[in-house]
Amino acid sequence: MPNIYKLPQEVSQLEKFEQIVSGKNIQIERIVSTGETTPSGQWYDQELDEWVILLQGEAELSYTDYTRIKIKAGDYLLIPAHTKHRVEYTSIEPACIWLAVHGQLSA
């Protein structure tokens, strides 16, 4: 049985996206980050809403209105579709383990 916290022996410096399950209007994935950030000048602008929970580690997101959000293990948030955002920081030790749900969601 898979375990959300089980990481490979060597965690690389490349962010890893693993699809857990998907359906007609939903996708659930695990993201493992180890210090990665969004490249300078780039923004995520997603077609679907994203609900994300940080299961392990610490991270920081920013938005085009200059709002910054620090996230720690257990924190979650909903990012509506087309809300431009960036990842400014992800912890290396421990690695960040995110659970992300993409779809047409409402709070």
# chains A, B, ... in the order shown; residues from 1 in each chain; ligands from 1

$ select_by_dssp --residues "region 4-95 of chain A" --states "strand (DSSP E)" --output "number ranges by chain"
A: 16-22, 26-33, 49-56, 58-63, 68-72, 76-79, 85-90

$ residues_around --residues "Ser40 (chain A)" --least-positions-apart "5" --cutoff "12 Å" --atoms "only C-alpha atoms" --output "list in words"
His85, Arg86, Val87 and Glu88 of chain A

$ closest_residue --among "A:Val101, A:Leu61, A:Ile92, A:Met1" --to "Tyr44 (chain A)" --atoms "only C-alpha atoms"
A:Leu61

$ residues_around --residues "Lys24 (chain A)" --least-positions-apart "3" --cutoff "12 Å" --atoms "only C-alpha atoms" --output "JSON list (two decimals) with C-alpha atoms, in the first residue's frame"
[["chain", "number", "residue", "atom", "x", "y", "z"],
["A", 21, "VAL", "CA", -5.90, 9.68, -8.77],
["A", 27, "GLN", "CA", -7.05, 15.43, -10.13],
["A", 28, "ILE", "CA", -5.25, 14.65, -6.88],
["A", 102, "HIS", "CA", -7.32, 20.36, -8.84],
["A", 103, "GLY", "CA", -10.85, 20.80, -10.17],
["A", 104, "GLN", "CA", -13.90, 23.01, -10.16]]

$ residues_around --residues "Ile53 (chain A)" --least-positions-apart "6" --cutoff "8 Å" --atoms "only C-alpha atoms" --output "PDB file with C-alpha atoms, in the first residue's frame"
ATOM      1  CA  ALA A  73       2.616  21.495   8.069  1.00  0.00           C
ATOM      2  CA  GLY A  74      -1.145  21.141   8.411  1.00  0.00           C
ATOM      3  CA  ASP A  75      -1.998  24.475   6.741  1.00  0.00           C
ATOM      4  CA  TYR A  76      -4.219  24.401   3.672  1.00  0.00           C
ATOM      5  CA  LEU A  77      -5.694  26.901   1.238  1.00  0.00           C
ATOM      6  CA  TRP A  98       1.998  18.716  -0.541  1.00  0.00           C
ATOM      7  CA  LEU A  99      -1.348  17.141  -1.354  1.00  0.00           C
ATOM      8  CA  ALA A 100      -3.026  19.095  -4.164  1.00  0.00           C
TER       9      ALA A 100
END

$ atom_distance --atom1 "CA of Phe17 (chain A)" --atom2 "CA of Ile31 (chain A)"
4.6 Å

$ residues_around --residues "Ala59 (chain A)" --least-positions-apart "2" --cutoff "12 Å" --atoms "only C-alpha atoms" --output "MDAnalysis selection string"
chainID A and resid 32:38 52:57 61:62 68:76 86:98

$ write_last_selection --atoms "N, CA, C and O atoms" --output "tab-separated table (two decimals), in the first residue's frame"
chain	number	residue	atom	x	y	z
A	32	VAL	N	6.41	16.86	-4.08
A	32	VAL	CA	7.52	16.85	-3.14
A	32	VAL	C	8.49	17.94	-3.58
A	32	VAL	O	8.98	17.94	-4.71
A	33	SER	N	8.72	18.91	-2.69
A	33	SER	CA	9.61	20.04	-2.96
A	33	SER	C	10.77	20.01	-1.99
A	33	SER	O	10.58	19.76	-0.80
A	34	THR	N	11.95	20.30	-2.49
A	34	THR	CA	13.15	20.34	-1.64
A	34	THR	C	13.95	21.59	-1.98
A	34	THR	O	15.01	21.50	-2.59
A	35	GLY	N	13.39	22.73	-1.63
A	35	GLY	CA	14.08	23.98	-1.87
A	35	GLY	C	13.71	24.67	-3.18
A	35	GLY	O	14.16	25.78	-3.44
A	36	GLU	N	12.89	24.03	-4.01
A	36	GLU	CA	12.52	24.62	-5.29
A	36	GLU	C	11.61	25.83	-5.09
A	36	GLU	O	10.83	25.89	-4.14
A	37	THR	N	11.71	26.78	-6.01
A	37	THR	CA	10.84	27.95	-6.05
A	37	THR	C	10.43	28.18	-7.50
A	37	THR	O	11.01	27.61	-8.42
A	38	THR	N	9.42	29.02	-7.68
A	38	THR	CA	9.01	29.39	-9.03
A	38	THR	C	10.10	30.27	-9.63
A	38	THR	O	10.57	31.20	-8.96
A	52	VAL	N	-4.86	22.94	-1.69
A	52	VAL	CA	-3.59	22.32	-1.36
A	52	VAL	C	-3.39	22.33	0.16
A	52	VAL	O	-3.77	23.28	0.84
A	53	ILE	N	-2.83	21.24	0.67
A	53	ILE	CA	-2.46	21.15	2.08
A	53	ILE	C	-0.98	20.75	2.14
A	53	ILE	O	-0.52	19.91	1.36
A	54	LEU	N	-0.26	21.41	3.02
A	54	LEU	CA	1.14	21.06	3.24
A	54	LEU	C	1.19	20.05	4.37
A	54	LEU	O	0.82	20.36	5.50
A	55	LEU	N	1.60	18.84	4.06
A	55	LEU	CA	1.62	17.76	5.05
A	55	LEU	C	2.92	17.74	5.86
A	55	LEU	O	2.94	17.24	6.98
A	56	GLN	N	4.00	18.25	5.27
A	56	GLN	CA	5.30	18.24	5.93
A	56	GLN	C	6.12	19.40	5.40
A	56	GLN	O	6.04	19.73	4.22
A	57	GLY	N	6.90	20.03	6.27
A	57	GLY	CA	7.79	21.10	5.85
A	57	GLY	C	7.20	22.48	6.04
A	57	GLY	O	6.19	22.66	6.73
A	61	LEU	N	4.14	31.29	-0.24
A	61	LEU	CA	3.56	31.63	-1.53
A	61	LEU	C	3.38	33.13	-1.61
A	61	LEU	O	3.22	33.80	-0.59
A	62	SER	N	3.38	33.66	-2.83
A	62	SER	CA	3.07	35.07	-3.02
A	62	SER	C	2.09	35.21	-4.18
A	62	SER	O	1.98	34.32	-5.04
A	68	ARG	N	1.88	37.78	0.74
A	68	ARG	CA	2.73	36.61	0.96
A	68	ARG	C	2.10	35.78	2.08
A	68	ARG	O	1.65	36.34	3.07
A	69	ILE	N	2.12	34.46	1.90
A	69	ILE	CA	1.54	33.56	2.89
A	69	ILE	C	2.59	32.53	3.28
A	69	ILE	O	3.11	31.82	2.42
A	70	LYS	N	2.90	32.47	4.58
A	70	LYS	CA	3.79	31.44	5.10
A	70	LYS	C	2.92	30.24	5.47
A	70	LYS	O	1.88	30.40	6.12
A	71	ILE	N	3.36	29.07	5.08
A	71	ILE	CA	2.60	27.84	5.29
A	71	ILE	C	3.47	26.86	6.06
A	71	ILE	O	4.65	26.69	5.75
A	72	LYS	N	2.86	26.21	7.03
A	72	LYS	CA	3.56	25.16	7.78
A	72	LYS	C	2.73	23.88	7.71
A	72	LYS	O	1.58	23.91	7.27
A	73	ALA	N	3.30	22.78	8.13
A	73	ALA	CA	2.62	21.50	8.07
A	73	ALA	C	1.22	21.60	8.69
A	73	ALA	O	1.06	22.14	9.77
A	74	GLY	N	0.24	21.12	7.96
A	74	GLY	CA	-1.14	21.14	8.41
A	74	GLY	C	-1.95	22.29	7.84
A	74	GLY	O	-3.18	22.26	7.84
A	75	ASP	N	-1.29	23.33	7.33
A	75	ASP	CA	-2.00	24.47	6.74
A	75	ASP	C	-2.49	24.11	5.34
A	75	ASP	O	-1.82	23.40	4.60
A	76	TYR	N	-3.68	24.63	5.00
A	76	TYR	CA	-4.22	24.40	3.67
A	76	TYR	C	-4.87	25.67	3.16
A	76	TYR	O	-5.19	26.58	3.93
A	86	ARG	N	2.99	32.38	-6.93
A	86	ARG	CA	4.35	31.85	-7.04
A	86	ARG	C	4.72	31.13	-5.75
A	86	ARG	O	4.23	31.47	-4.69
A	87	VAL	N	5.65	30.20	-5.84
A	87	VAL	CA	6.24	29.58	-4.67
A	87	VAL	C	7.56	30.29	-4.43
A	87	VAL	O	8.45	30.28	-5.28
A	88	GLU	N	7.67	30.96	-3.29
A	88	GLU	CA	8.86	31.75	-2.96
A	88	GLU	C	9.88	30.96	-2.13
A	88	GLU	O	11.06	31.30	-2.14
A	89	TYR	N	9.40	29.95	-1.41
A	89	TYR	CA	10.30	29.19	-0.53
A	89	TYR	C	9.70	27.82	-0.26
A	89	TYR	O	8.48	27.70	-0.09
A	90	THR	N	10.54	26.80	-0.25
A	90	THR	CA	10.16	25.47	0.26
A	90	THR	C	11.34	24.94	1.07
A	90	THR	O	12.49	25.09	0.68
A	91	SER	N	11.03	24.34	2.21
A	91	SER	CA	12.10	23.81	3.06
A	91	SER	C	12.75	22.59	2.41
A	91	SER	O	12.14	21.88	1.61
A	92	ILE	N	14.00	22.41	2.77
A	92	ILE	CA	14.76	21.26	2.27
A	92	ILE	C	14.73	20.13	3.29
A	92	ILE	O	14.55	18.98	2.96
A	93	GLU	N	14.89	20.49	4.55
A	93	GLU	CA	14.92	19.51	5.64
A	93	GLU	C	13.96	19.96	6.71
A	93	GLU	O	14.26	20.91	7.43
A	94	PRO	N	12.77	19.41	6.80
A	94	PRO	CA	12.31	18.29	5.99
A	94	PRO	C	11.82	18.75	4.62
A	94	PRO	O	11.46	19.92	4.45
A	95	ALA	N	11.80	17.82	3.68
A	95	ALA	CA	11.22	18.11	2.37
A	95	ALA	C	9.76	18.49	2.54
A	95	ALA	O	9.10	18.06	3.49
A	96	CYS	N	9.26	19.32	1.64
A	96	CYS	CA	7.84	19.66	1.64
A	96	CYS	C	7.06	18.55	0.95
A	96	CYS	O	7.43	18.13	-0.16
A	97	ILE	N	6.03	18.09	1.60
A	97	ILE	CA	5.10	17.14	0.98
A	97	ILE	C	3.75	17.82	0.92
A	97	ILE	O	3.17	18.17	1.95
A	98	TRP	N	3.28	18.06	-0.30
A	98	TRP	CA	2.00	18.72	-0.54
A	98	TRP	C	1.00	17.69	-1.06
A	98	TRP	O	1.37	16.77	-1.79

$ atom_distance --atom1 "CA of Thr83 (chain A)" --atom2 "CA of Pro39 (chain A)"
17.1 Å

$ atom_distance --atom1 "CA of Leu14 (chain A)" --atom2 "CA of Glu47 (chain A)"
23.6 Å

$ residues_around --residues "Gln46 (chain A)" --least-positions-apart "5" --cutoff "8 Å" --atoms "only C-alpha atoms" --output "JSON, numbers by chain"
{"A": [81, 82, 83, 84]}
